[in-house]
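J.: Next comes the structure file structure25.pdb, holding PDB, C-alpha atoms.
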ATOM      1  CA  MET Y   1     -13.690   8.540   5.417
ATOM      2  CA  HIS Y   2     -15.970   7.012   2.800
ATOM      3  CA  VAL Y   3     -13.705   5.964  -0.073
ATOM      4  CA  LEU Y   4     -14.104   4.479  -3.541
ATOM      5  CA  ILE Y   5     -11.258   2.196  -4.625
ATOM      6  CA  THR Y   6     -11.194   1.009  -8.225
ATOM      7  CA  GLY Y   7      -9.317  -2.205  -8.971
ATOM      8  CA  VAL Y   8     -10.084  -3.430  -5.452
ATOM      9  CA  ALA Y   9      -9.478  -7.091  -6.372
ATOM     10  CA  GLY Y  10      -6.016  -6.173  -7.637
ATOM     11  CA  PHE Y  11      -2.703  -6.515  -5.841
ATOM     12  CA  ILE Y  12      -2.397  -2.953  -4.510
ATOM     13  CA  GLY Y  13      -6.138  -2.264  -4.371
ATOM     14  CA  HIS Y  14      -7.023  -5.076  -2.010
ATOM     15  CA  HIS Y  15      -4.104  -4.332   0.342
ATOM     16  CA  LEU Y  16      -5.108  -0.665   0.454
ATOM     17  CA  ALA Y  17      -8.772  -1.458   1.116
ATOM     18  CA  LEU Y  18      -7.900  -3.820   3.980
ATOM     19  CA  LYS Y  19      -5.675  -1.187   5.598
ATOM     20  CA  MET Y  20      -8.298   1.534   5.296
ATOM     21  CA  LEU Y  21     -10.968  -0.726   6.777
ATOM     22  CA  GLU Y  22      -8.589  -1.583   9.611
ATOM     23  CA  ARG Y  23      -8.282   2.083  10.550
ATOM     24  CA  GLY Y  24     -12.057   2.600  10.509
ATOM     25  CA  ASP Y  25     -12.807   3.949   7.031
ATOM     26  CA  SER Y  26     -15.637   2.587   4.890
ATOM     27  CA  VAL Y  27     -14.823   1.370   1.400
ATOM     28  CA  VAL Y  28     -16.742   0.799  -1.803
ATOM     29  CA  GLY Y  29     -14.637  -1.285  -4.163
ATOM     30  CA  ILE Y  30     -15.146  -1.978  -7.844
ATOM     31  CA  ASP Y  31     -13.376  -4.384 -10.176
ATOM     32  CA  ASN Y  32     -14.275  -6.070 -13.444
ATOM     33  CA  LEU Y  33     -12.381  -9.282 -12.508
ATOM     34  CA  ASN Y  34     -10.908  -9.605 -15.996
ATOM     35  CA  ASP Y  35      -8.764 -12.562 -16.999
ATOM     36  CA  TYR Y  36      -5.457 -10.759 -17.680
ATOM     37  CA  TYR Y  37      -4.197 -13.100 -14.959
ATOM     38  CA  ASP Y  38      -5.708 -15.796 -12.701
ATOM     39  CA  VAL Y  39      -9.242 -14.705 -11.786
ATOM     40  CA  ASN Y  40      -9.276 -17.107  -8.833
ATOM     41  CA  LEU Y  41      -6.429 -15.150  -7.241
ATOM     42  CA  LYS Y  42      -8.540 -11.990  -7.513
ATOM     43  CA  LYS Y  43     -11.574 -13.757  -6.040
ATOM     44  CA  ASN Y  44      -9.484 -15.084  -3.156
ATOM     45  CA  ARG Y  45      -8.258 -11.582  -2.427
ATOM     46  CA  LEU Y  46     -11.880 -10.478  -2.149
ATOM     47  CA  LYS Y  47     -12.543 -13.275   0.346
ATOM     48  CA  ARG Y  48     -10.170 -11.538   2.760
ATOM     49  CA  PHE Y  49     -12.619  -8.664   3.280
ATOM     50  CA  PRO Y  50     -14.876  -8.674   6.348
ATOM     51  CA  ALA Y  51     -18.567  -9.364   5.807
ATOM     52  CA  ASP Y  52     -19.904  -6.111   7.208
ATOM     53  CA  ALA Y  53     -21.360  -2.807   6.081
ATOM     54  CA  LYS Y  54     -17.977  -1.086   6.010
ATOM     55  CA  PHE Y  55     -17.043  -2.809   2.739
ATOM     56  CA  ILE Y  56     -19.200  -3.072  -0.367
ATOM     57  CA  PHE Y  57     -17.995  -4.735  -3.560
ATOM     58  CA  ASN Y  58     -19.488  -4.048  -6.980
ATOM     59  CA  LYS Y  59     -18.410  -6.042 -10.017
ATOM     60  CA  LEU Y  60     -18.234  -3.163 -12.451
ATOM     61  CA  ASP Y  61     -16.211  -2.332 -15.531
ATOM     62  CA  MET Y  62     -15.225   1.322 -15.486
ATOM     63  CA  THR Y  63     -15.586   1.493 -19.263
ATOM     64  CA  ASP Y  64     -19.346   1.083 -18.622
ATOM     65  CA  ARG Y  65     -20.197   4.777 -18.475
ATOM     66  CA  PRO Y  66     -23.856   4.485 -17.331
ATOM     67  CA  ALA Y  67     -22.842   2.114 -14.519
ATOM     68  CA  VAL Y  68     -20.095   4.481 -13.352
ATOM     69  CA  GLU Y  69     -22.487   7.436 -13.464
ATOM     70  CA  ALA Y  70     -25.026   5.495 -11.390
ATOM     71  CA  LEU Y  71     -22.321   4.577  -8.859
ATOM     72  CA  PHE Y  72     -21.399   8.211  -8.264
ATOM     73  CA  ALA Y  73     -25.013   9.365  -8.282
ATOM     74  CA  GLY Y  74     -25.867   6.954  -5.481
ATOM     75  CA  GLN Y  75     -23.448   8.157  -2.795
ATOM     76  CA  ARG Y  76     -20.935  10.763  -1.728
ATOM     77  CA  PHE Y  77     -17.233   9.835  -1.543
ATOM     78  CA  ASP Y  78     -14.655  11.738   0.459
ATOM     79  CA  ALA Y  79     -11.939  10.356  -1.792
ATOM     80  CA  VAL Y  80     -11.570   8.249  -4.910
ATOM     81  CA  VAL Y  81      -8.472   6.098  -5.402
ATOM     82  CA  ASN Y  82      -8.173   4.934  -8.999
ATOM     83  CA  LEU Y  83      -5.973   1.826  -9.106
ATOM     84  CA  ALA Y  84      -7.834  -0.004 -11.875
ATOM     85  CA  ALA Y  85      -5.885  -0.186 -15.123
ATOM     86  CA  GLN Y  86      -4.668  -2.532 -17.778
ATOM     87  CA  ALA Y  87      -1.206  -3.283 -16.440
ATOM     88  CA  GLY Y  88       1.949  -4.640 -18.022
ATOM     89  CA  VAL Y  89       4.518  -3.122 -20.366
ATOM     90  CA  ARG Y  90       4.987  -6.131 -22.658
ATOM     91  CA  TYR Y  91       1.244  -6.807 -23.016
ATOM     92  CA  SER Y  92       0.746  -3.256 -24.293
ATOM     93  CA  ILE Y  93       2.921  -4.047 -27.313
ATOM     94  CA  THR Y  94       0.552  -6.788 -28.490
ATOM     95  CA  HIS Y  95      -2.791  -5.622 -27.047
ATOM     96  CA  PRO Y  96      -2.853  -1.822 -27.390
ATOM     97  CA  HIS Y  97      -6.636  -1.436 -27.432
ATOM     98  CA  ALA Y  98      -6.941  -2.928 -23.936
ATOM     99  CA  TYR Y  99      -4.906   0.029 -22.654
ATOM    100  CA  ILE Y 100      -6.938   2.631 -24.526
ATOM    101  CA  ASP Y 101     -10.184   1.148 -23.201
ATOM    102  CA  ALA Y 102      -9.195   0.808 -19.530
ATOM    103  CA  ASN Y 103      -6.508   3.429 -19.002
ATOM    104  CA  LEU Y 104      -8.061   6.227 -21.053
ATOM    105  CA  VAL Y 105     -11.786   5.612 -21.579
ATOM    106  CA  GLY Y 106     -12.405   3.960 -18.202
ATOM    107  CA  TYR Y 107     -10.178   6.456 -16.423
ATOM    108  CA  THR Y 108     -12.137   9.331 -17.976
ATOM    109  CA  ASN Y 109     -15.398   7.871 -16.670
ATOM    110  CA  ILE Y 110     -14.006   7.740 -13.113
ATOM    111  CA  LEU Y 111     -12.542  11.222 -13.405
ATOM    112  CA  GLU Y 112     -15.859  12.571 -14.659
ATOM    113  CA  GLY Y 113     -17.699  10.837 -11.841
ATOM    114  CA  ALA Y 114     -15.372  12.390  -9.270
ATOM    115  CA  ARG Y 115     -15.791  15.814 -10.855
ATOM    116  CA  HIS Y 116     -19.592  15.789 -10.933
ATOM    117  CA  ALA Y 117     -19.839  14.311  -7.433
ATOM    118  CA  LYS Y 118     -17.450  16.971  -6.081
ATOM    119  CA  VAL Y 119     -15.168  14.376  -4.523
ATOM    120  CA  GLY Y 120     -12.778  15.823  -1.955
ATOM    121  CA  HIS Y 121      -9.629  14.173  -3.346
ATOM    122  CA  PHE Y 122      -8.927  12.209  -6.530
ATOM    123  CA  VAL Y 123      -5.879   9.977  -6.081
ATOM    124  CA  PHE Y 124      -4.700   7.907  -9.027
ATOM    125  CA  ALA Y 125      -2.018   5.382  -9.867
ATOM    126  CA  SER Y 126       0.615   6.453 -12.331
ATOM    127  CA  SER Y 127       3.838   4.495 -12.805
ATOM    128  CA  SER Y 128       7.615   4.832 -12.762
ATOM    129  CA  SER Y 129       7.417   3.739 -16.412
ATOM    130  CA  VAL Y 130       6.492   7.334 -17.352
ATOM    131  CA  TYR Y 131      10.179   8.226 -16.945
ATOM    132  CA  GLY Y 132      10.854   6.246 -20.118
ATOM    133  CA  ALA Y 133      14.143   7.248 -21.736
ATOM    134  CA  ASN Y 134      15.238   9.411 -18.776
ATOM    135  CA  THR Y 135      18.633   8.315 -17.430
ATOM    136  CA  ARG Y 136      19.486  10.885 -14.732
ATOM    137  CA  MET Y 137      19.125   9.174 -11.352
ATOM    138  CA  PRO Y 138      17.343   9.359  -9.022
ATOM    139  CA  LEU Y 139      14.211   9.969 -11.066
ATOM    140  CA  SER Y 140      12.370  13.065  -9.870
ATOM    141  CA  GLU Y 141       8.757  14.194 -10.310
ATOM    142  CA  SER Y 142      10.204  17.556 -11.380
ATOM    143  CA  ASP Y 143      11.856  15.961 -14.442
ATOM    144  CA  ASN Y 144      10.337  16.141 -17.909
ATOM    145  CA  VAL Y 145       8.719  12.830 -18.924
ATOM    146  CA  ASP Y 146       7.930  13.207 -22.604
ATOM    147  CA  HIS Y 147       9.696  10.097 -23.922
ATOM    148  CA  PRO Y 148       7.715   6.975 -22.922
ATOM    149  CA  LEU Y 149       8.997   3.611 -24.152
ATOM    150  CA  SER Y 150       5.651   1.784 -24.233
ATOM    151  CA  LEU Y 151       1.985   2.499 -24.789
ATOM    152  CA  TYR Y 152       1.368   1.543 -21.150
ATOM    153  CA  ALA Y 153       3.714   4.325 -20.043
ATOM    154  CA  ALA Y 154       2.095   6.749 -22.484
ATOM    155  CA  THR Y 155      -1.376   6.062 -21.038
ATOM    156  CA  LYS Y 156      -0.069   6.699 -17.520
ATOM    157  CA  LYS Y 157       1.442  10.014 -18.607
ATOM    158  CA  ALA Y 158      -1.912  10.820 -20.228
ATOM    159  CA  ASN Y 159      -3.646  10.103 -16.901
ATOM    160  CA  GLU Y 160      -1.438  12.699 -15.232
ATOM    161  CA  LEU Y 161      -2.220  15.318 -17.872
ATOM    162  CA  MET Y 162      -5.949  14.595 -17.751
ATOM    163  CA  ALA Y 163      -6.004  14.937 -13.968
ATOM    164  CA  HIS Y 164      -4.221  18.273 -14.180
ATOM    165  CA  SER Y 165      -6.796  19.592 -16.618
ATOM    166  CA  TYR Y 166      -9.586  18.642 -14.181
ATOM    167  CA  ALA Y 167      -7.733  20.234 -11.283
ATOM    168  CA  ASN Y 168      -7.449  23.398 -13.346
ATOM    169  CA  LEU Y 169     -10.963  23.484 -14.823
ATOM    170  CA  PHE Y 170     -13.011  22.155 -11.907
ATOM    171  CA  ASN Y 171     -10.801  22.718  -8.860
ATOM    172  CA  LEU Y 172     -10.739  18.958  -8.270
ATOM    173  CA  PRO Y 173      -7.799  18.119  -5.947
ATOM    174  CA  CYS Y 174      -5.732  15.482  -7.761
ATOM    175  CA  SER Y 175      -2.683  13.509  -6.631
ATOM    176  CA  GLY Y 176      -0.819  11.126  -8.927
ATOM    177  CA  LEU Y 177       1.322   8.291  -7.575
ATOM    178  CA  ARG Y 178       4.265   6.892  -9.509
ATOM    179  CA  PHE Y 179       4.846   3.398  -8.133
ATOM    180  CA  PHE Y 180       8.254   1.721  -8.412
ATOM    181  CA  THR Y 181       8.335  -2.085  -8.932
ATOM    182  CA  VAL Y 182       5.846  -3.184  -6.285
ATOM    183  CA  TYR Y 183       6.162  -6.693  -4.799
ATOM    184  CA  GLY Y 184       4.839  -8.691  -1.866
ATOM    185  CA  PRO Y 185       2.217 -11.256  -0.784
ATOM    186  CA  TRP Y 186      -0.852 -11.614  -3.024
ATOM    187  CA  GLY Y 187       1.150 -10.072  -5.877
ATOM    188  CA  ARG Y 188       0.578 -10.304  -9.610
ATOM    189  CA  PRO Y 189       1.602 -13.544 -11.373
ATOM    190  CA  ASP Y 190       2.987 -11.563 -14.327
ATOM    191  CA  MET Y 191       5.605  -9.853 -12.139
ATOM    192  CA  ALA Y 192       9.206 -11.068 -11.898
ATOM    193  CA  LEU Y 193       9.164 -12.253  -8.268
ATOM    194  CA  PHE Y 194       6.106 -14.427  -8.861
ATOM    195  CA  LYS Y 195       7.558 -15.888 -12.063
ATOM    196  CA  PHE Y 196      10.973 -16.493 -10.486
ATOM    197  CA  THR Y 197       9.497 -18.251  -7.466
ATOM    198  CA  LYS Y 198       7.301 -20.525  -9.557
ATOM    199  CA  ALA Y 199      10.167 -21.432 -11.892
ATOM    200  CA  ILE Y 200      12.745 -22.101  -9.171
ATOM    201  CA  LEU Y 201      10.373 -24.390  -7.272
ATOM    202  CA  ALA Y 202       9.676 -26.291 -10.504
ATOM    203  CA  ASP Y 203      13.404 -26.538 -11.368
ATOM    204  CA  ASP Y 204      12.762 -24.494 -14.497
ATOM    205  CA  PRO Y 205      15.139 -21.750 -15.670
ATOM    206  CA  ILE Y 206      14.268 -18.126 -14.938
ATOM    207  CA  GLN Y 207      14.577 -15.533 -17.679
ATOM    208  CA  VAL Y 208      17.019 -12.814 -16.622
ATOM    209  CA  PHE Y 209      16.956  -9.898 -19.014
ATOM    210  CA  ASN Y 210      19.795  -7.499 -19.904
ATOM    211  CA  HIS Y 211      22.055 -10.385 -18.805
ATOM    212  CA  GLY Y 212      21.271  -9.538 -15.190
ATOM    213  CA  ASN Y 213      22.521  -5.962 -15.435
ATOM    214  CA  MET Y 214      19.270  -4.467 -14.174
ATOM    215  CA  VAL Y 215      18.835  -2.084 -11.260
ATOM    216  CA  ARG Y 216      15.406  -1.627  -9.691
ATOM    217  CA  ASP Y 217      13.876   0.339  -6.842
ATOM    218  CA  PHE Y 218      11.903  -2.662  -5.538
ATOM    219  CA  THR Y 219       9.159  -1.403  -3.197
ATOM    220  CA  TYR Y 220       7.341  -3.639  -0.720
ATOM    221  CA  ILE Y 221       3.546  -3.509  -0.735
ATOM    222  CA  ASP Y 222       3.224  -2.276   2.876
ATOM    223  CA  ASP Y 223       5.354   0.770   2.027
ATOM    224  CA  ILE Y 224       3.228   1.434  -1.051
ATOM    225  CA  VAL Y 225      -0.002   1.290   0.978
ATOM    226  CA  GLU Y 226       1.360   3.544   3.711
ATOM    227  CA  GLY Y 227       2.409   6.072   1.086
ATOM    228  CA  ILE Y 228      -1.007   6.010  -0.590
ATOM    229  CA  ILE Y 229      -2.865   6.533   2.686
ATOM    230  CA  ARG Y 230      -0.604   9.407   3.693
ATOM    231  CA  VAL Y 231      -1.353  11.080   0.359
ATOM    232  CA  ILE Y 232      -5.106  10.416   0.587
ATOM    233  CA  ASP Y 233      -5.185  12.178   3.952
ATOM    234  CA  ARG Y 234      -3.546  15.301   2.496
ATOM    235  CA  PRO Y 235      -5.659  16.601  -0.418
ATOM    236  CA  ALA Y 236      -3.710  18.430  -3.089
ATOM    237  CA  VAL Y 237      -3.515  22.207  -2.832
ATOM    238  CA  PRO Y 238      -2.099  24.834  -5.202
ATOM    239  CA  ASP Y 239       1.638  25.460  -4.953
ATOM    240  CA  PRO Y 240       2.156  29.192  -4.270
ATOM    241  CA  ALA Y 241       5.743  28.946  -5.539
ATOM    242  CA  TRP Y 242       4.750  27.507  -8.925
ATOM    243  CA  ASN Y 243       6.042  29.623 -11.813
ATOM    244  CA  GLY Y 244       4.871  29.312 -15.409
ATOM    245  CA  ASP Y 245       8.228  30.606 -16.670
ATOM    246  CA  LYS Y 246       9.922  27.608 -15.036
ATOM    247  CA  PRO Y 247       7.066  25.107 -14.672
ATOM    248  CA  ASN Y 248       7.587  22.321 -12.157
ATOM    249  CA  PRO Y 249       5.781  19.180 -13.401
ATOM    250  CA  ALA Y 250       5.440  17.884  -9.818
ATOM    251  CA  THR Y 251       3.101  20.655  -8.638
ATOM    252  CA  SER Y 252       0.851  23.371 -10.077
ATOM    253  CA  TYR Y 253      -1.016  26.616  -9.541
ATOM    254  CA  ALA Y 254      -4.020  24.223  -9.517
ATOM    255  CA  PRO Y 255      -4.673  21.670  -6.722
ATOM    256  CA  TYR Y 256      -2.476  19.009  -8.330
ATOM    257  CA  ARG Y 257       0.735  17.172  -7.512
ATOM    258  CA  LEU Y 258       2.748  14.057  -8.286
ATOM    259  CA  PHE Y 259       4.603  11.702  -5.945
ATOM    260  CA  ASN Y 260       7.125   8.949  -6.450
ATOM    261  CA  ILE Y 261       6.530   6.030  -4.099
ATOM    262  CA  GLY Y 262       9.676   3.946  -4.240
ATOM    263  CA  ASN Y 263      12.144   2.404  -1.842
ATOM    264  CA  ASN Y 264      14.792   5.014  -2.699
ATOM    265  CA  ASN Y 265      17.376   2.213  -2.450
ATOM    266  CA  PRO Y 266      17.896   0.707  -5.911
ATOM    267  CA  ILE Y 267      19.534  -2.714  -5.991
ATOM    268  CA  GLN Y 268      20.974  -5.047  -8.586
ATOM    269  CA  LEU Y 269      18.559  -7.670  -9.895
ATOM    270  CA  MET Y 270      21.043 -10.372  -8.914
ATOM    271  CA  ARG Y 271      20.766  -9.359  -5.229
ATOM    272  CA  TYR Y 272      16.995  -9.728  -5.575
ATOM    273  CA  ILE Y 273      17.420 -13.216  -7.073
ATOM    274  CA  ASN Y 274      19.976 -14.197  -4.419
ATOM    275  CA  ALA Y 275      17.566 -13.161  -1.649
ATOM    276  CA  LEU Y 276      14.862 -15.313  -3.247
ATOM    277  CA  GLU Y 277      17.233 -18.276  -3.553
ATOM    278  CA  ALA Y 278      18.086 -17.958   0.148
ATOM    279  CA  CYS Y 279      14.403 -17.980   1.145
ATOM    280  CA  LEU Y 280      13.583 -20.957  -1.081
ATOM    281  CA  GLY Y 281      16.742 -22.882  -0.234
ATOM    282  CA  LYS Y 282      17.311 -23.521  -3.945
ATOM    283  CA  LYS Y 283      19.600 -22.046  -6.580
ATOM    284  CA  ALA Y 284      18.030 -20.601  -9.719
ATOM    285  CA  LYS Y 285      18.830 -21.862 -13.176
ATOM    286  CA  MET Y 286      19.250 -18.704 -15.237
ATOM    287  CA  GLU Y 287      18.623 -18.016 -18.891
ATOM    288  CA  LEU Y 288      20.487 -14.758 -19.567
ATOM    289  CA  LEU Y 289      18.762 -12.716 -22.257
ATOM    290  CA  PRO Y 290      19.072  -9.258 -23.857
ATOM    291  CA  MET Y 291      16.939  -6.302 -22.791
ATOM    292  CA  GLN Y 292      13.212  -6.643 -23.429
ATOM    293  CA  GLU Y 293      11.495  -4.219 -25.759
ATOM    294  CA  GLY Y 294       9.951  -1.314 -23.831
ATOM    295  CA  ASP Y 295      12.026  -1.958 -20.688
ATOM    296  CA  VAL Y 296      14.632   0.237 -18.978
ATOM    297  CA  PRO Y 297      17.938  -0.837 -17.390
ATOM    298  CA  ALA Y 298      17.518   1.093 -14.140
ATOM    299  CA  THR Y 299      15.035   2.874 -11.894
ATOM    300  CA  SER Y 300      15.653   4.891  -8.747
ATOM    301  CA  ALA Y 301      13.045   7.024  -7.003
ATOM    302  CA  ASP Y 302      13.665  10.456  -5.551
ATOM    303  CA  VAL Y 303      11.130  10.471  -2.693
ATOM    304  CA  SER Y 304      12.018  13.856  -1.204
ATOM    305  CA  HIS Y 305       8.659  15.316  -2.301
ATOM    306  CA  LEU Y 306       6.719  12.477  -0.665
ATOM    307  CA  ARG Y 307       8.732  12.853   2.522
ATOM    308  CA  ALA Y 308       8.336  16.648   2.620
ATOM    309  CA  VAL Y 309       4.550  16.518   2.226
ATOM    310  CA  THR Y 310       3.687  13.359   4.193
ATOM    311  CA  GLY Y 311       6.663  12.715   6.471
ATOM    312  CA  PHE Y 312       6.968   9.184   5.077
ATOM    313  CA  LYS Y 313       9.763   7.380   3.240
ATOM    314  CA  PRO Y 314       9.593   3.692   2.218
ATOM    315  CA  ALA Y 315      12.261   1.642   3.973
ATOM    316  CA  ILE Y 316      11.510  -2.122   3.940
ATOM    317  CA  GLU Y 317      14.560  -4.072   2.708
ATOM    318  CA  VAL Y 318      14.168  -6.608  -0.111
ATOM    319  CA  GLU Y 319      15.392  -9.491   2.049
ATOM    320  CA  THR Y 320      12.553  -8.803   4.493
ATOM    321  CA  GLY Y 321       9.938  -8.304   1.794
ATOM    322  CA  ILE Y 322      10.930 -11.369  -0.234
ATOM    323  CA  ALA Y 323      10.819 -13.562   2.866
ATOM    324  CA  LYS Y 324       7.236 -12.442   3.497
ATOM    325  CA  PHE Y 325       6.307 -13.092  -0.126
ATOM    326  CA  VAL Y 326       7.796 -16.608  -0.083
ATOM    327  CA  GLU Y 327       5.990 -17.423   3.168
ATOM    328  CA  TRP Y 328       2.695 -16.381   1.566
ATOM    329  CA  TYR Y 329       3.417 -18.144  -1.757
ATOM    330  CA  GLN Y 330       4.254 -21.471  -0.127
ATOM    331  CA  ALA Y 331       1.136 -21.316   2.046
ATOM    332  CA  TYR Y 332      -1.170 -20.211  -0.793
ATOM    333  CA  TYR Y 333       0.091 -22.795  -3.305
ATOM    334  CA  LYS Y 334       0.818 -25.394  -0.585
ATOM    335  CA  HIS Y 335       4.464 -25.834  -1.463
ATOM    336  CA  PRO Y 336       6.663 -27.481   1.201
ATOM    337  CA  ASN Y 337       9.311 -25.324   2.869
TER     338      ASN Y 337
END
Take the structure in the file and write it out as structure tokens.
T.:
Amino acid sequence: MHVLITGVAGFIGHHLALKMLERGDSVVGIDNLNDYYDVNLKKNRLKRFPADAKFIFNKLDMTDRPAVEALFAGQRFDAVVNLAAQAGVRYSITHPHAYIDANLVGYTNILEGARHAKVGHFVFASSSSVYGANTRMPLSESDNVDHPLSLYAATKKANELMAHSYANLFNLPCSGLRFFTVYGPWGRPDMALFKFTKAILADDPIQVFNHGNMVRDFTYIDDIVEGIIRVIDRPAVPDPAWNGDKPNPATSYAPYRLFNIGNNNPIQLMRYINALEACLGKKAKMELLPMQEGDVPATSADVSHLRAVTGFKPAIEVETGIAKFVEWYQAYYKHPN
């Protein structure tokens, strides 16, 4: 396949691109290398790509409409995987315009490019945050998600709705992926595991919100990538059982569907911290705090739809995944074991 991956210097994007290259696909990757977090980490991710014709990187901001149009005009893609976005729940509270620009305007430019270029499959990152105020567990793609708790979540729900409209109007096969708390090597510094590791090694306290009473469906990066690839290889098709009298949000009469990609094994945050302490050989100093604004106390992914369509279910345990992250972190930042 010849694939376009947006956000290719990002955590998930670069892992996905490496895996697709490994199996023989060719990849064009774009990224604007913004400074939301350490740009050097993004540049070092890009250094992991082979120097051959199978991978081409373009520094490109997807809000630049003429540049995006030129990108799609220049070649034919079998699939587009849109992973570029302004991430972070808390940041959206203080920097709302960054989310409108990247997650709505930029997303529209990529969607339009895919439509005009008649791309075979448009796959895009959504988020478990779209479930917002929902409390029935496990969280299912068939549930209503009309109560987001942050602007970030609202933009991800908007992405899903926009993709459906394109599937309906232009017969563009679209698959949305709701990721659940992704972690692993080369991860984002604004995520909890990265922050916890840095603080514990420096003998600084870690901030533990909701007084530690958090439950998360932590999902290791390799499981996320495997799920994405399985979806890419199965373009969305209309659901013949879809009924407008009882509409299922997970599928459609149009070539559109949604998938949770989560470990389907939610655990207490304290187990996550204990696993990290064991790997580092150090106990964490904890600052117990109330719930953060825009956050939720628990997530748990129903992955029955993903398993039914692709035959895949994430399964890597947190103890295994955290050990791999710590091994990478200590090597990358040259910390002693």
J.: Here is a test: counting all atoms listed in the file, which residue of Y:Val130, Y:Ile228, Y:Ala167, Y:Leu139 is nearest to Val303 (chain Y)?
T.: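 Between Y:Val130, Y:Ile228, Y:Ala167, Y:Leu139, the residue approaching Val303 (chain Y) most closely is Y:Leu139.
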J.: What residues come out when you apply the PyMOL selection byres ((chain Y and resi 183) around 12) to this file, written as a PyMOL selection string?
T.: chain Y and resi 11-12+15+179-182+184-195+216-225+262-263+272+316-326
J.: How would you write, as a PDB file with C-alpha atoms, in the coordinates of the input, the residues chosen by the PyMOL selection byres ((chain Y and resi 93) around 10) on this structure?
T.:
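Output saved as expr_6.pdb:
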ATOM      1  CA  GLY Y  88       1.949  -4.640 -18.022  1.00  0.00           C
ATOM      2  CA  VAL Y  89       4.518  -3.122 -20.366  1.00  0.00           C
ATOM      3  CA  ARG Y  90       4.987  -6.131 -22.658  1.00  0.00           C
ATOM      4  CA  TYR Y  91       1.244  -6.807 -23.016  1.00  0.00           C
ATOM      5  CA  SER Y  92       0.746  -3.256 -24.293  1.00  0.00           C
ATOM      6  CA  THR Y  94       0.552  -6.788 -28.490  1.00  0.00           C
ATOM      7  CA  HIS Y  95      -2.791  -5.622 -27.047  1.00  0.00           C
ATOM      8  CA  PRO Y  96      -2.853  -1.822 -27.390  1.00  0.00           C
ATOM      9  CA  HIS Y  97      -6.636  -1.436 -27.432  1.00  0.00           C
ATOM     10  CA  TYR Y  99      -4.906   0.029 -22.654  1.00  0.00           C
ATOM     11  CA  SER Y 150       5.651   1.784 -24.233  1.00  0.00           C
ATOM     12  CA  LEU Y 151       1.985   2.499 -24.789  1.00  0.00           C
ATOM     13  CA  TYR Y 152       1.368   1.543 -21.150  1.00  0.00           C
ATOM     14  CA  GLU Y 293      11.495  -4.219 -25.759  1.00  0.00           C
ATOM     15  CA  GLY Y 294       9.951  -1.314 -23.831  1.00  0.00           C
TER      16      GLY Y 294
END
J.: Would you mind listing what lies within 6 Å of region 27-39 of chain Y as number ranges by chain, with all atoms listed in the file counted and same-chain residues fewer than 2 positions away left out?
T.: Y: 2-8, 41-42, 55-61
J.: How would you write, as a list in words, the residues chosen by the PyMOL selection byres ((chain Y and resi 266-269) around 7) on this structure?
T.: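 Against this file, the PyMOL selection byres ((chain Y and resi 266-269) around 7) returns the residues Gly212, Met214, Val215, Arg216, Asp217, Phe218, Asn264, Asn265, Met270, Arg271, Tyr272, Ile273, Thr299 and Ser300 of chain Y.
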J.: So the first atom is CA of Thr63 (chain Y) and the second is CA of Asp233 (chain Y); what is the distance between them in Å, to one decimal place?
T.: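 So the two atoms, CA of Thr63 (chain Y) and CA of Asp233 (chain Y), lie 27.6 Å apart.
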J.: Hey, which of Y:Asp203, Y:Asp101, Y:Asp302, Y:Asp295 ends up closest to Gln86 (chain Y)? Count all atoms listed in the file.
T.: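 For Gln86 (chain Y), the nearest of the candidates is Y:Asp101.
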J.: Env of Ala199 (chain Y): 9 Å cut, atoms = only C-alpha atoms, seq-sep filter 5 positions within chain, self excluded. Answer as a list in words.
T.: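 Surrounding residues, per the criterion: Phe194, Asp204, Pro205, Ile206, Ala284 and Lys285 of chain Y.
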J.: Please complete region 132-137 of chain Y so it has N, CA, C and O atoms, and hand it over as a CSV table (one decimal), in the coordinates of the input.
T.:
chain,number,residue,atom,x,y,z
Y,132,GLY,N,10.4,6.7,-18.8
Y,132,GLY,CA,10.9,6.2,-20.1
Y,132,GLY,C,12.3,6.3,-20.4
Y,132,GLY,O,13.1,5.7,-19.7
Y,133,ALA,N,12.7,7.2,-21.3
Y,133,ALA,CA,14.1,7.2,-21.7
Y,133,ALA,C,15.0,8.1,-20.8
Y,133,ALA,O,16.2,8.2,-21.0
Y,134,ASN,N,14.4,8.6,-19.7
Y,134,ASN,CA,15.2,9.4,-18.8
Y,134,ASN,C,16.3,8.5,-18.1
Y,134,ASN,O,16.1,7.4,-17.8
Y,135,THR,N,17.5,9.1,-18.0
Y,135,THR,CA,18.6,8.3,-17.4
Y,135,THR,C,19.3,9.0,-16.2
Y,135,THR,O,20.0,8.3,-15.5
Y,136,ARG,N,18.9,10.2,-15.9
Y,136,ARG,CA,19.5,10.9,-14.7
Y,136,ARG,C,18.8,10.3,-13.5
Y,136,ARG,O,17.6,10.3,-13.3
Y,137,MET,N,19.6,9.8,-12.6
Y,137,MET,CA,19.1,9.2,-11.4
Y,137,MET,C,19.5,10.0,-10.1
Y,137,MET,O,20.5,10.6,-10.1
